[in-house]
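> Just query.cif, nothing more (mmCIF, C-alpha atoms):
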```
data_start
#
loop_
_atom_site.label_atom_id
_atom_site.label_comp_id
_atom_site.auth_asym_id
_atom_site.auth_seq_id
_atom_site.Cartn_x
_atom_site.Cartn_y
_atom_site.Cartn_z
CA ALA A 1 67.95 -21.14 108.73
CA ASP A 2 68.65 -22.58 112.13
CA THR A 3 69.54 -19.98 114.73
CA PRO A 4 72.47 -20.84 116.97
CA GLN A 5 70.05 -21.14 119.87
CA LYS A 6 68.07 -23.90 118.22
CA LYS A 7 71.15 -25.81 117.19
CA ARG A 8 72.70 -25.88 120.60
CA GLY A 9 69.45 -26.23 122.48
CA LYS A 10 70.72 -23.72 125.03
CA LYS A 11 69.74 -20.16 125.87
CA MET A 12 72.33 -17.56 125.00
CA THR A 13 72.77 -15.88 128.33
CA GLN A 14 74.43 -12.56 128.72
CA GLY A 15 77.74 -12.42 130.48
CA ASN A 16 77.97 -11.19 134.02
CA ARG A 17 81.59 -10.35 134.46
CA LEU A 18 82.42 -7.02 136.05
CA HIS A 19 86.00 -7.81 136.82
CA VAL A 20 89.16 -8.44 134.88
CA GLN A 21 90.87 -11.77 135.36
CA GLY A 22 94.31 -11.85 136.84
CA VAL A 23 96.77 -14.48 137.95
CA PHE A 24 98.66 -14.64 141.20
CA LEU A 25 102.23 -15.22 140.07
CA GLY A 26 103.93 -15.37 143.42
CA TYR A 27 105.15 -13.11 146.16
CA ARG A 28 107.47 -10.18 145.81
CA ARG A 29 110.90 -11.63 146.07
CA SER A 30 114.55 -11.45 145.41
CA ASN A 31 116.45 -14.53 144.31
CA ALA A 32 116.57 -16.21 147.68
CA ASN A 33 114.08 -14.30 149.81
CA GLN A 34 110.36 -13.69 149.41
CA TYR A 35 108.16 -11.10 151.08
CA GLU A 36 104.69 -12.52 151.42
CA ASN A 37 103.03 -9.25 152.34
CA THR A 38 103.12 -8.21 148.68
CA ALA A 39 101.73 -10.41 145.91
CA LEU A 40 102.52 -10.17 142.22
CA ILE A 41 99.50 -10.15 139.97
CA LYS A 42 99.40 -10.43 136.21
CA VAL A 43 96.24 -8.83 134.85
CA ASP A 44 94.82 -10.10 131.58
CA GLY A 45 95.47 -7.72 128.70
CA VAL A 46 97.95 -5.53 130.54
CA ARG A 47 101.30 -6.03 128.84
CA SER A 48 103.26 -2.89 129.56
CA ARG A 49 103.81 -0.43 132.36
CA GLU A 50 101.97 2.24 130.33
CA ASP A 51 98.72 0.30 130.64
CA THR A 52 98.93 -0.02 134.40
CA PRO A 53 97.61 3.39 135.62
CA PHE A 54 94.00 2.44 134.94
CA TYR A 55 94.08 -0.42 137.42
CA MET A 56 95.96 1.33 140.19
CA GLY A 57 94.12 1.15 143.46
CA LYS A 58 91.52 -1.23 142.12
CA ARG A 59 90.30 -3.85 144.51
CA VAL A 60 91.32 -7.43 143.97
CA ALA A 61 89.63 -10.56 145.20
CA TYR A 62 91.07 -14.02 145.58
CA VAL A 63 88.02 -16.25 145.54
CA TYR A 64 88.21 -19.83 146.69
CA LYS A 65 86.04 -22.64 148.00
CA ALA A 66 86.34 -24.41 151.27
CA LYS A 67 84.69 -27.45 152.79
CA SER A 68 82.86 -25.76 155.64
CA LYS A 69 80.22 -23.09 155.42
CA LYS A 70 80.96 -19.64 156.75
CA ASN A 71 78.35 -16.90 156.68
CA GLY A 72 76.10 -19.26 154.79
CA SER A 73 78.52 -19.98 151.96
CA LYS A 74 81.36 -22.27 151.06
CA VAL A 75 82.86 -19.56 148.89
CA ARG A 76 85.46 -17.40 150.58
CA VAL A 77 87.28 -14.26 149.54
CA ILE A 78 90.49 -12.53 150.45
CA TRP A 79 90.32 -8.88 149.49
CA GLY A 80 93.23 -6.68 148.48
CA ARG A 81 94.21 -3.80 146.25
CA LEU A 82 96.56 -3.25 143.36
CA VAL A 83 99.16 -1.07 144.89
CA ALA A 84 101.93 -0.50 142.36
CA ALA A 85 103.28 -1.59 139.04
CA HIS A 86 105.99 -4.21 139.11
CA GLY A 87 108.56 -4.07 136.36
CA ASN A 88 107.93 -3.00 132.80
CA SER A 89 105.68 -5.74 131.51
CA GLY A 90 102.40 -4.83 133.16
CA THR A 91 102.66 -6.88 136.32
CA PHE A 92 101.19 -5.44 139.51
CA ARG A 93 102.01 -5.55 143.16
CA ALA A 94 99.03 -6.19 145.35
CA ARG A 95 98.52 -6.13 149.09
CA PHE A 96 95.84 -8.21 150.61
CA ARG A 97 94.13 -7.98 153.96
CA ASN A 98 95.67 -11.30 154.79
CA ASN A 99 98.56 -12.62 152.77
CA LEU A 100 97.58 -14.93 149.95
CA PRO A 101 98.15 -18.61 150.65
CA PRO A 102 100.91 -20.19 148.57
CA LYS A 103 98.48 -22.68 147.10
CA ALA A 104 96.93 -19.71 145.27
CA MET A 105 99.99 -19.33 143.06
CA GLY A 106 98.97 -19.72 139.47
CA SER A 107 95.30 -19.42 140.29
CA GLN A 108 92.89 -16.73 139.23
CA VAL A 109 92.39 -13.49 141.01
CA ARG A 110 89.60 -11.00 140.21
CA VAL A 111 90.51 -7.39 139.58
CA MET A 112 87.38 -5.36 140.15
CA LEU A 113 86.61 -2.13 138.33
CA TYR A 114 86.15 -0.11 141.52
CA PRO A 115 87.23 2.29 143.04
CA SER A 116 86.58 3.86 139.68
CA ARG A 117 88.22 7.03 138.43
CA VAL A 118 86.64 6.97 134.96
CA THR B 119 98.78 33.63 180.44
CA HIS B 120 98.59 37.40 180.38
CA THR B 121 97.46 40.03 182.81
CA GLU B 122 94.32 41.94 182.09
CA GLU B 123 96.34 44.98 181.11
CA GLU B 124 98.42 42.95 178.70
CA GLU B 125 95.30 41.38 177.20
CA ASN B 126 93.70 44.74 176.65
CA LYS B 127 96.83 45.97 174.95
CA MET B 128 96.92 42.91 172.73
CA ALA B 129 93.31 43.40 171.77
CA ARG B 130 94.12 46.88 170.53
CA GLN B 131 97.17 45.85 168.53
CA ARG B 132 96.97 45.28 164.82
CA ASN B 133 100.28 43.56 164.75
CA ARG B 134 101.61 40.59 166.66
CA GLU B 135 104.91 39.03 167.39
CA ILE B 136 105.50 35.73 165.66
CA VAL B 137 108.91 35.21 167.12
CA PRO B 138 110.86 37.74 169.22
CA GLY B 139 112.08 40.32 166.71
CA VAL B 140 109.76 39.21 163.90
CA ASN B 141 106.34 40.73 163.58
CA ARG B 142 103.46 39.51 161.48
CA PHE B 143 103.30 42.76 159.55
CA SER B 144 106.32 44.78 158.45
CA ARG B 145 106.81 48.47 158.99
CA SER B 146 105.49 49.37 155.56
CA GLN B 147 102.53 47.05 155.97
CA MET B 148 101.74 48.61 159.31
CA TYR B 149 101.87 52.02 157.74
CA LYS B 150 98.92 51.05 155.58
CA ARG B 151 97.09 49.07 158.22
CA SER B 152 97.28 51.59 160.98
CA GLY B 153 95.78 54.27 158.80
CA ARG B 154 98.73 56.59 159.03
CA LYS B 155 98.79 56.60 155.26
CA TYR B 156 95.56 58.56 155.23
CA LEU B 157 96.43 61.07 157.92
CA LYS B 158 97.11 64.62 156.86
CA ASN B 159 99.19 65.37 159.90
CA LYS B 160 101.58 62.40 160.03
CA LYS B 161 102.77 63.22 163.49
CA GLU B 162 99.39 62.55 164.91
CA THR B 163 98.55 59.00 165.84
CA PRO B 164 95.19 57.86 164.44
CA LYS B 165 92.37 57.39 166.87
CA THR B 166 91.51 53.82 167.62
CA GLU B 167 88.56 52.56 169.49
CA LYS B 168 89.47 50.81 172.64
CA PRO B 169 87.65 47.54 172.92
CA VAL B 170 85.82 47.39 176.18
CA ARG B 171 86.91 44.38 178.17
CA LYS B 172 85.18 43.65 181.39
CA ALA B 173 87.05 41.97 184.15
CA SER B 174 85.81 38.42 184.34
CA ARG B 175 83.96 37.52 187.48
CA PHE B 176 85.50 34.11 187.77
CA TYR B 177 89.05 33.00 187.46
CA SER B 178 89.55 29.29 187.53
CA VAL B 179 92.21 27.82 189.79
CA ASP B 180 92.65 24.75 187.65
CA ASN B 181 94.33 24.69 184.28
CA ILE B 182 91.41 24.34 181.95
CA SER B 183 92.48 23.28 178.50
CA LYS B 184 90.34 24.53 175.66
CA PRO B 185 89.98 22.40 172.55
CA LEU B 186 91.33 23.99 169.41
CA LYS B 187 88.78 25.56 167.10
CA ALA B 188 87.77 23.32 164.25
CA VAL B 189 88.14 25.20 160.99
CA HIS B 190 86.86 22.30 158.91
CA VAL B 191 84.20 23.17 156.37
CA HIS B 192 82.04 20.35 155.07
CA LYS B 193 81.96 20.12 151.31
CA PRO B 194 80.51 17.28 149.28
CA THR B 195 83.08 15.21 147.38
CA ALA B 196 84.23 16.88 144.19
CA LEU B 197 82.19 15.50 141.33
CA ARG B 198 84.16 13.91 138.52
CA ARG B 199 84.12 15.94 135.30
CA SER B 200 82.71 13.00 133.41
CA ILE B 201 79.65 12.88 135.64
CA ARG B 202 77.02 15.53 134.93
CA PRO B 203 73.26 15.54 135.45
CA GLY B 204 71.77 13.20 132.89
CA THR B 205 74.90 11.11 132.35
CA VAL B 206 74.35 7.39 132.01
CA LEU B 207 76.43 5.52 134.57
CA ILE B 208 77.43 1.89 134.93
CA VAL B 209 76.88 0.62 138.45
CA LEU B 210 79.76 -1.53 139.66
CA THR B 211 78.68 -2.56 143.14
CA GLY B 212 75.60 -3.58 145.01
CA PRO B 213 72.47 -5.43 143.94
CA TYR B 214 72.21 -3.45 140.74
CA ARG B 215 75.74 -3.98 139.49
CA GLY B 216 76.11 -3.98 135.77
CA ASN B 217 73.03 -1.83 135.28
CA HIS B 218 72.99 1.37 133.30
CA VAL B 219 71.44 4.17 135.31
CA VAL B 220 70.80 7.86 134.86
CA PHE B 221 72.59 10.28 137.15
CA LEU B 222 70.30 12.93 138.57
CA LYS B 223 72.22 15.05 141.02
CA GLN B 224 74.80 15.03 143.77
CA LEU B 225 73.29 15.09 147.22
CA GLU B 226 74.61 17.07 150.16
CA SER B 227 76.35 14.01 151.56
CA GLY B 228 78.37 13.77 148.34
CA LEU B 229 76.61 10.63 147.16
CA LEU B 230 75.11 10.48 143.71
CA LEU B 231 71.38 10.27 143.23
CA VAL B 232 70.53 7.89 140.43
CA THR B 233 67.48 6.25 138.94
CA GLY B 234 67.08 3.34 136.49
CA PRO B 235 64.53 4.60 135.52
CA TYR B 236 62.60 2.00 137.47
CA ALA B 237 60.41 1.13 134.50
CA PHE B 238 63.44 0.21 132.41
CA ASN B 239 65.68 -1.78 134.70
CA GLY B 240 64.13 -1.90 138.16
CA VAL B 241 66.65 0.46 139.70
CA PRO B 242 64.78 2.87 141.98
CA LEU B 243 65.84 6.31 143.17
CA ARG B 244 69.01 5.39 144.92
CA ARG B 245 72.18 6.81 146.32
CA ILE B 246 75.52 5.54 145.18
CA ASN B 247 79.11 6.56 145.70
CA GLN B 248 81.00 8.06 142.78
CA VAL B 249 83.75 5.59 143.24
CA HIS B 250 81.44 2.64 142.53
CA VAL B 251 80.36 3.94 139.17
CA ILE B 252 81.77 4.27 135.66
CA ALA B 253 80.57 7.29 133.72
CA THR B 254 79.68 6.76 130.07
CA SER B 255 79.62 9.48 127.46
CA THR B 256 75.89 8.99 126.92
CA LYS B 257 73.68 11.76 128.25
CA VAL B 258 69.97 12.24 128.76
CA ASP B 259 68.46 15.69 128.98
CA ILE B 260 66.97 15.96 132.45
CA SER B 261 66.63 19.73 132.58
CA GLY B 262 62.89 19.49 133.03
CA VAL B 263 63.04 17.29 136.12
CA SER B 264 62.56 18.92 139.51
CA LEU B 265 64.71 17.22 142.14
CA ASP B 266 64.61 19.77 144.93
CA SER B 267 62.51 17.56 147.16
CA VAL B 268 64.93 14.65 147.01
CA LYS B 269 67.43 14.82 149.83
CA ASP B 270 69.65 12.50 151.86
CA GLU B 271 67.09 12.21 154.65
CA LEU B 272 64.75 10.39 152.29
CA PHE B 273 67.13 7.46 152.13
CA ILE B 274 68.22 7.23 155.71
CA LYS B 275 66.07 4.73 157.58
CA PRO B 276 65.48 5.39 161.26
CA LYS B 277 67.23 2.76 163.36
CA THR B 278 64.82 0.61 165.31
CA LYS B 279 66.46 -1.01 168.28
CA ALA B 280 65.84 -4.73 168.22
CA PRO B 281 65.09 -5.97 171.74
CA LYS B 282 67.88 -8.21 172.90
CA LYS B 283 65.85 -10.11 175.43
CA LYS B 284 66.46 -13.80 175.38
CA THR B 285 63.29 -15.30 176.66
CA GLU B 286 62.53 -18.99 176.86
CA ALA B 287 59.49 -18.55 174.68
CA GLY B 288 61.53 -16.60 172.18
CA PHE B 289 64.17 -19.31 172.06
CA PHE B 290 61.74 -21.76 170.60
CA LYS B 291 60.29 -19.31 168.12
CA ASN B 292 62.18 -17.61 165.36
CA GLU B 293 63.36 -14.62 167.28
CA GLN B 294 63.80 -11.16 165.88
CA LYS B 295 62.10 -11.47 162.56
CA LYS B 296 63.07 -8.39 160.66
CA GLU B 297 60.05 -6.31 159.91
CA LYS B 298 59.97 -5.96 156.21
CA THR B 299 59.45 -2.31 155.66
CA GLY B 300 58.26 -1.99 152.12
CA VAL B 301 58.67 1.11 150.05
CA SER B 302 56.41 3.92 151.20
CA ASP B 303 53.71 5.19 148.89
CA GLU B 304 55.20 8.67 148.96
CA PHE B 305 58.46 7.28 147.67
CA LYS B 306 56.69 5.38 144.89
CA LYS B 307 54.89 8.56 143.94
CA LEU B 308 58.14 10.50 143.87
CA GLN B 309 59.73 7.74 141.81
CA LYS B 310 56.98 7.90 139.20
CA GLU B 311 57.11 11.66 139.11
CA VAL B 312 60.84 11.76 138.47
CA ASP B 313 60.92 8.79 136.14
CA SER B 314 58.11 9.87 133.81
CA LYS B 315 60.14 12.83 132.59
CA ILE B 316 63.35 10.86 132.29
CA VAL B 317 61.67 8.07 130.32
CA ALA B 318 60.25 10.65 127.93
CA ALA B 319 63.62 12.39 127.63
CA ALA B 320 65.38 9.08 126.99
CA LYS B 321 63.01 8.16 124.18
CA LYS B 322 63.45 11.59 122.71
CA THR B 323 67.29 11.57 122.85
CA ASP B 324 67.70 8.29 120.99
CA SER B 325 65.42 5.48 119.92
CA LEU B 326 67.91 2.94 121.26
CA LEU B 327 68.42 4.62 124.60
CA PRO B 328 65.57 2.79 126.40
CA ALA B 329 67.05 -0.53 125.26
CA TYR B 330 70.48 0.65 126.34
CA LEU B 331 69.21 1.52 129.80
CA ARG B 332 67.54 -1.87 130.00
CA SER B 333 70.76 -3.65 129.13
CA LYS B 334 73.54 -4.58 131.50
CA PHE B 335 77.22 -3.97 131.16
CA SER B 336 79.56 -6.92 131.30
CA LEU B 337 83.05 -7.77 130.11
CA SER B 338 83.64 -10.56 127.70
CA LYS B 339 86.75 -12.24 126.37
CA GLY B 340 89.17 -9.86 124.74
CA GLN B 341 87.58 -6.78 126.30
CA TYR B 342 89.90 -4.81 128.51
CA PRO B 343 88.63 -1.77 130.43
CA HIS B 344 91.93 0.11 130.12
CA LEU B 345 91.47 0.08 126.36
CA MET B 346 87.83 1.06 126.43
CA ASN B 347 86.19 4.41 125.93
CA PHE B 348 83.12 4.40 128.08
#
```
Starting from the file, give its structure as structure tokens.

Amino acid sequence: ADTPQKKRGKKMTQGNRLHVQGVFLGYRRSNANQYENTALIKVDGVRSREDTPFYMGKRVAYVYKAKSKKNGSKVRVIWGRLVAAHGNSGTFRARFRNNLPPKAMGSQVRVMLYPSRV
Amino acid sequence: THTEEEENKMARQRNREIVPGVNRFSRSQMYKRSGRKYLKNKKETPKTEKPVRKASRFYSVDNISKPLKAVHVHKPTALRRSIRPGTVLIVLTGPYRGNHVVFLKQLESGLLLVTGPYAFNGVPLRRINQVHVIATSTKVDISGVSLDSVKDELFIKPKTKAPKKKTEAGFFKNEQKKEKTGVSDEFKKLQKEVDSKIVAAAKKTDSLLPAYLRSKFSLSKGQYPHLMNF
């Protein structure tokens, strides 16, 4: 029988992901005011406040590409940390070294697995 | 500042005044401490040795401030309960991220000493911080391995000052080429010595353990670390 490899003509490569995907929802805010120093992050698979303790303190990276090269790469990162839970549905508050740009709203953010407490 | 007489008196005292009217030790506590408890004739005061205090030969005119005594004791970071010698760890940071490695021991600096073993996944004897590691429940028996010779100093490279001279000749050449210091033969020898026993122990523990140590950890769709048992 044909193995999946032969059918597709591609090598089955092993995944490399050591982070959990998250989404930058927006800044911490009330109805009419927003506070850009704290970002709201929705982490994949975390649906309730009970699931949040694992990710507390974990480092978060907003990775993006720019036109010019810096330090030999066009890829840039803004680092931050998950700081607190936000609400009851598993959202997090994160603080970044520099506030996230508003264009990042709705885009992916990487929640790393370190600092690890497991 | 006290006179010499006052200082001598203070040196003899077992008690001290915390605040006027409040002493460090109460009357009943002093009864025990001063030794009156053990005297047969209670009216007699117990003999105490007077500490000999010489008059100092030099009294400074200026107000010399003394730094406070540091009472800090260096202890290596408390090791997580899940991490014990022989535990297989998942490396989260650095060039070897994703690799499964065997934990050997905690060094004096608090860092963890790990090894691939090198033959399995190319991870050499290396130091790593606890915080950059996930401990799995898999264990290898490393009781037979002697690690006394491995210390922090082994991993600390001496800093060689790069000359910062900007010469005209140097400008046209590729200046400051980093000397590639390869791994020393002693280190390779040590690596082999340590690894040989761990490789044997791994094969003995489980037939799949060598393959496990060769494999890398990664997350795939639908896998969430907060729901995982490592």
> Give me, please, the distance in Å between atom CA of Lys269 of chain B and atom CA of Gly216 of chain B, quoted to one decimal.
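These two atoms are separated by 25.0 Å.
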> Can you list every residue of chain B that has an atom at most 12 Å from chain A, with its nearest atom pair and the distance in Å to one decimal, using all atoms listed in the file, ordered by chain then number, as CSV?

```
residue,atom,partner,partner_atom,distance
B:Leu197,CA,A:Arg117,CA,10.8
B:Arg198,CA,A:Arg117,CA,8.0
B:Arg199,CA,A:Val118,CA,9.3
B:Ser200,CA,A:Val118,CA,7.4
B:Ile201,CA,A:Val118,CA,9.2
B:Leu207,CA,A:Val118,CA,10.3
B:Ile208,CA,A:Leu18,CA,10.3
B:Val209,CA,A:Leu18,CA,9.7
B:Leu210,CA,A:Tyr114,CA,6.8
B:Thr211,CA,A:Tyr114,CA,8.0
B:Gly212,CA,A:Tyr114,CA,11.6
B:Tyr214,CA,A:Asn16,CA,11.8
B:Arg215,CA,A:Leu18,CA,8.1
B:Gly216,CA,A:Leu18,CA,7.0
B:Asn217,CA,A:Asn16,CA,10.7
B:Asn247,CA,A:Pro115,CA,9.6
B:Gln248,CA,A:Ser116,CA,7.6
B:Val249,CA,A:Pro115,CA,4.8
B:His250,CA,A:Tyr114,CA,5.5
B:Val251,CA,A:Ser116,CA,6.2
B:Ile252,CA,A:Val118,CA,5.6
B:Ala253,CA,A:Val118,CA,6.2
B:Thr254,CA,A:Val118,CA,8.5
B:Ser255,CA,A:Val118,CA,10.6
B:Ser333,CA,A:Gln14,CA,9.6
B:Lys334,CA,A:Asn16,CA,8.3
B:Phe335,CA,A:Leu18,CA,7.8
B:Ser336,CA,A:Arg17,CA,5.1
B:Leu337,CA,A:Arg17,CA,5.3
B:Ser338,CA,A:Gly15,CA,6.8
B:Lys339,CA,A:Val20,CA,9.6
B:Gly340,CA,A:Gly45,CA,7.7
B:Gln341,CA,A:Gly45,CA,8.3
B:Tyr342,CA,A:Gly45,CA,6.3
B:Pro343,CA,A:Val20,CA,8.0
B:His344,CA,A:Phe54,CA,5.7
B:Leu345,CA,A:Asp51,CA,8.4
B:Met346,CA,A:Val118,CA,10.4
B:Asn347,CA,A:Val118,CA,9.4
B:Phe348,CA,A:Val118,CA,8.1
```
> Take the residues that were just selected and, keeping C-alpha atoms, output them as a PDB file, in the coordinates of the input.

```
ATOM      1  CA  LEU B 197      82.190  15.500 141.330  1.00  0.00           C
ATOM      2  CA  ARG B 198      84.160  13.910 138.520  1.00  0.00           C
ATOM      3  CA  ARG B 199      84.120  15.940 135.300  1.00  0.00           C
ATOM      4  CA  SER B 200      82.710  13.000 133.410  1.00  0.00           C
ATOM      5  CA  ILE B 201      79.650  12.880 135.640  1.00  0.00           C
ATOM      6  CA  LEU B 207      76.430   5.520 134.570  1.00  0.00           C
ATOM      7  CA  ILE B 208      77.430   1.890 134.930  1.00  0.00           C
ATOM      8  CA  VAL B 209      76.880   0.620 138.450  1.00  0.00           C
ATOM      9  CA  LEU B 210      79.760  -1.530 139.660  1.00  0.00           C
ATOM     10  CA  THR B 211      78.680  -2.560 143.140  1.00  0.00           C
ATOM     11  CA  GLY B 212      75.600  -3.580 145.010  1.00  0.00           C
ATOM     12  CA  TYR B 214      72.210  -3.450 140.740  1.00  0.00           C
ATOM     13  CA  ARG B 215      75.740  -3.980 139.490  1.00  0.00           C
ATOM     14  CA  GLY B 216      76.110  -3.980 135.770  1.00  0.00           C
ATOM     15  CA  ASN B 217      73.030  -1.830 135.280  1.00  0.00           C
ATOM     16  CA  ASN B 247      79.110   6.560 145.700  1.00  0.00           C
ATOM     17  CA  GLN B 248      81.000   8.060 142.780  1.00  0.00           C
ATOM     18  CA  VAL B 249      83.750   5.590 143.240  1.00  0.00           C
ATOM     19  CA  HIS B 250      81.440   2.640 142.530  1.00  0.00           C
ATOM     20  CA  VAL B 251      80.360   3.940 139.170  1.00  0.00           C
ATOM     21  CA  ILE B 252      81.770   4.270 135.660  1.00  0.00           C
ATOM     22  CA  ALA B 253      80.570   7.290 133.720  1.00  0.00           C
ATOM     23  CA  THR B 254      79.680   6.760 130.070  1.00  0.00           C
ATOM     24  CA  SER B 255      79.620   9.480 127.460  1.00  0.00           C
ATOM     25  CA  SER B 333      70.760  -3.650 129.130  1.00  0.00           C
ATOM     26  CA  LYS B 334      73.540  -4.580 131.500  1.00  0.00           C
ATOM     27  CA  PHE B 335      77.220  -3.970 131.160  1.00  0.00           C
ATOM     28  CA  SER B 336      79.560  -6.920 131.300  1.00  0.00           C
ATOM     29  CA  LEU B 337      83.050  -7.770 130.110  1.00  0.00           C
ATOM     30  CA  SER B 338      83.640 -10.560 127.700  1.00  0.00           C
ATOM     31  CA  LYS B 339      86.750 -12.240 126.370  1.00  0.00           C
ATOM     32  CA  GLY B 340      89.170  -9.860 124.740  1.00  0.00           C
ATOM     33  CA  GLN B 341      87.580  -6.780 126.300  1.00  0.00           C
ATOM     34  CA  TYR B 342      89.900  -4.810 128.510  1.00  0.00           C
ATOM     35  CA  PRO B 343      88.630  -1.770 130.430  1.00  0.00           C
ATOM     36  CA  HIS B 344      91.930   0.110 130.120  1.00  0.00           C
ATOM     37  CA  LEU B 345      91.470   0.080 126.360  1.00  0.00           C
ATOM     38  CA  MET B 346      87.830   1.060 126.430  1.00  0.00           C
ATOM     39  CA  ASN B 347      86.190   4.410 125.930  1.00  0.00           C
ATOM     40  CA  PHE B 348      83.120   4.400 128.080  1.00  0.00           C
TER      41      PHE B 348
END
```
> Need the shell around Met105 of chain A: protein/DNA/RNA residues with any atom at most 7 Å away, counting only C-alpha atoms. Skip same-chain ones fewer than 5 positions apart. Format as a list in words?
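Returned residues: Phe24, Leu25 and Gly26 of chain A.
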> Using only C-alpha atoms, which of the listed residues (A:Arg47, A:Gly22, A:Ile78, A:Asn33) sits closest to Tyr64 of chain A?
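Of all the options, A:Ile78 lies closest to Tyr64 of chain A.
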> What gap, in Å, lies between atom CA of Val263 of chain B and atom CA of Pro235 of chain B?
12.8 Å
> Just want the 6 Å neighbourhood of segment 93-103 of chain A, counted on all atoms listed in the file, with same-chain residues fewer than 4 positions away dropped. Output as a list in words.
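After dropping sequence-adjacent residues, the list is Asn37, Thr38, Ala39, Leu40, Trp79, Gly80, Arg81, Leu82, Val83, Ala84, Ala85 and His86 of chain A.
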> Please produce a file of those selected residues containing C-alpha atoms, as a CSV table (one decimal), in the coordinates of the input.

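Wrote it out as again09.csv, contents follow:
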```csv
chain,number,residue,atom,x,y,z
A,37,ASN,CA,103.0,-9.2,152.3
A,38,THR,CA,103.1,-8.2,148.7
A,39,ALA,CA,101.7,-10.4,145.9
A,40,LEU,CA,102.5,-10.2,142.2
A,79,TRP,CA,90.3,-8.9,149.5
A,80,GLY,CA,93.2,-6.7,148.5
A,81,ARG,CA,94.2,-3.8,146.2
A,82,LEU,CA,96.6,-3.2,143.4
A,83,VAL,CA,99.2,-1.1,144.9
A,84,ALA,CA,101.9,-0.5,142.4
A,85,ALA,CA,103.3,-1.6,139.0
A,86,HIS,CA,106.0,-4.2,139.1
```
> Just give me the gap between atom CA of Gly228 of chain B and atom CA of Pro185 of chain B in Å, one decimal is fine.
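Rounded to one decimal, the two atoms are 28.2 Å apart.
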> Can you spell out as an NGL selection string the set of residues that the PyMOL selection byres ((chain B and resi 125-132) around 10) selects in the structure I just provided?
:B and (119-124 or 133-134 or 142-143 or 148 or 151-152 or 166-172)
> When distances are computed from all atoms listed in the file, which of A:Met56, A:Ala104, A:Thr91, A:Tyr27 shows the smallest separation from Ile41 of chain A?
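Under the stated criterion, the closest residue is A:Thr91.
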> Taking 6 positions as the minimum chain separation for residues in the same chain, which residues sit within 12 Å of Glu226 of chain B when counting all atoms listed in the file? Answer as a PDB file with C-alpha atoms, in the frame of the given file.

```pdb
ATOM      1  CA  HIS B 192      82.040  20.350 155.070  1.00  0.00           C
ATOM      2  CA  LYS B 193      81.960  20.120 151.310  1.00  0.00           C
ATOM      3  CA  PRO B 194      80.510  17.280 149.280  1.00  0.00           C
ATOM      4  CA  THR B 195      83.080  15.210 147.380  1.00  0.00           C
ATOM      5  CA  ALA B 196      84.230  16.880 144.190  1.00  0.00           C
ATOM      6  CA  LEU B 197      82.190  15.500 141.330  1.00  0.00           C
ATOM      7  CA  ARG B 245      72.180   6.810 146.320  1.00  0.00           C
ATOM      8  CA  ASP B 266      64.610  19.770 144.930  1.00  0.00           C
ATOM      9  CA  VAL B 268      64.930  14.650 147.010  1.00  0.00           C
ATOM     10  CA  LYS B 269      67.430  14.820 149.830  1.00  0.00           C
ATOM     11  CA  ASP B 270      69.650  12.500 151.860  1.00  0.00           C
ATOM     12  CA  GLU B 271      67.090  12.210 154.650  1.00  0.00           C
TER      13      GLU B 271
END
```
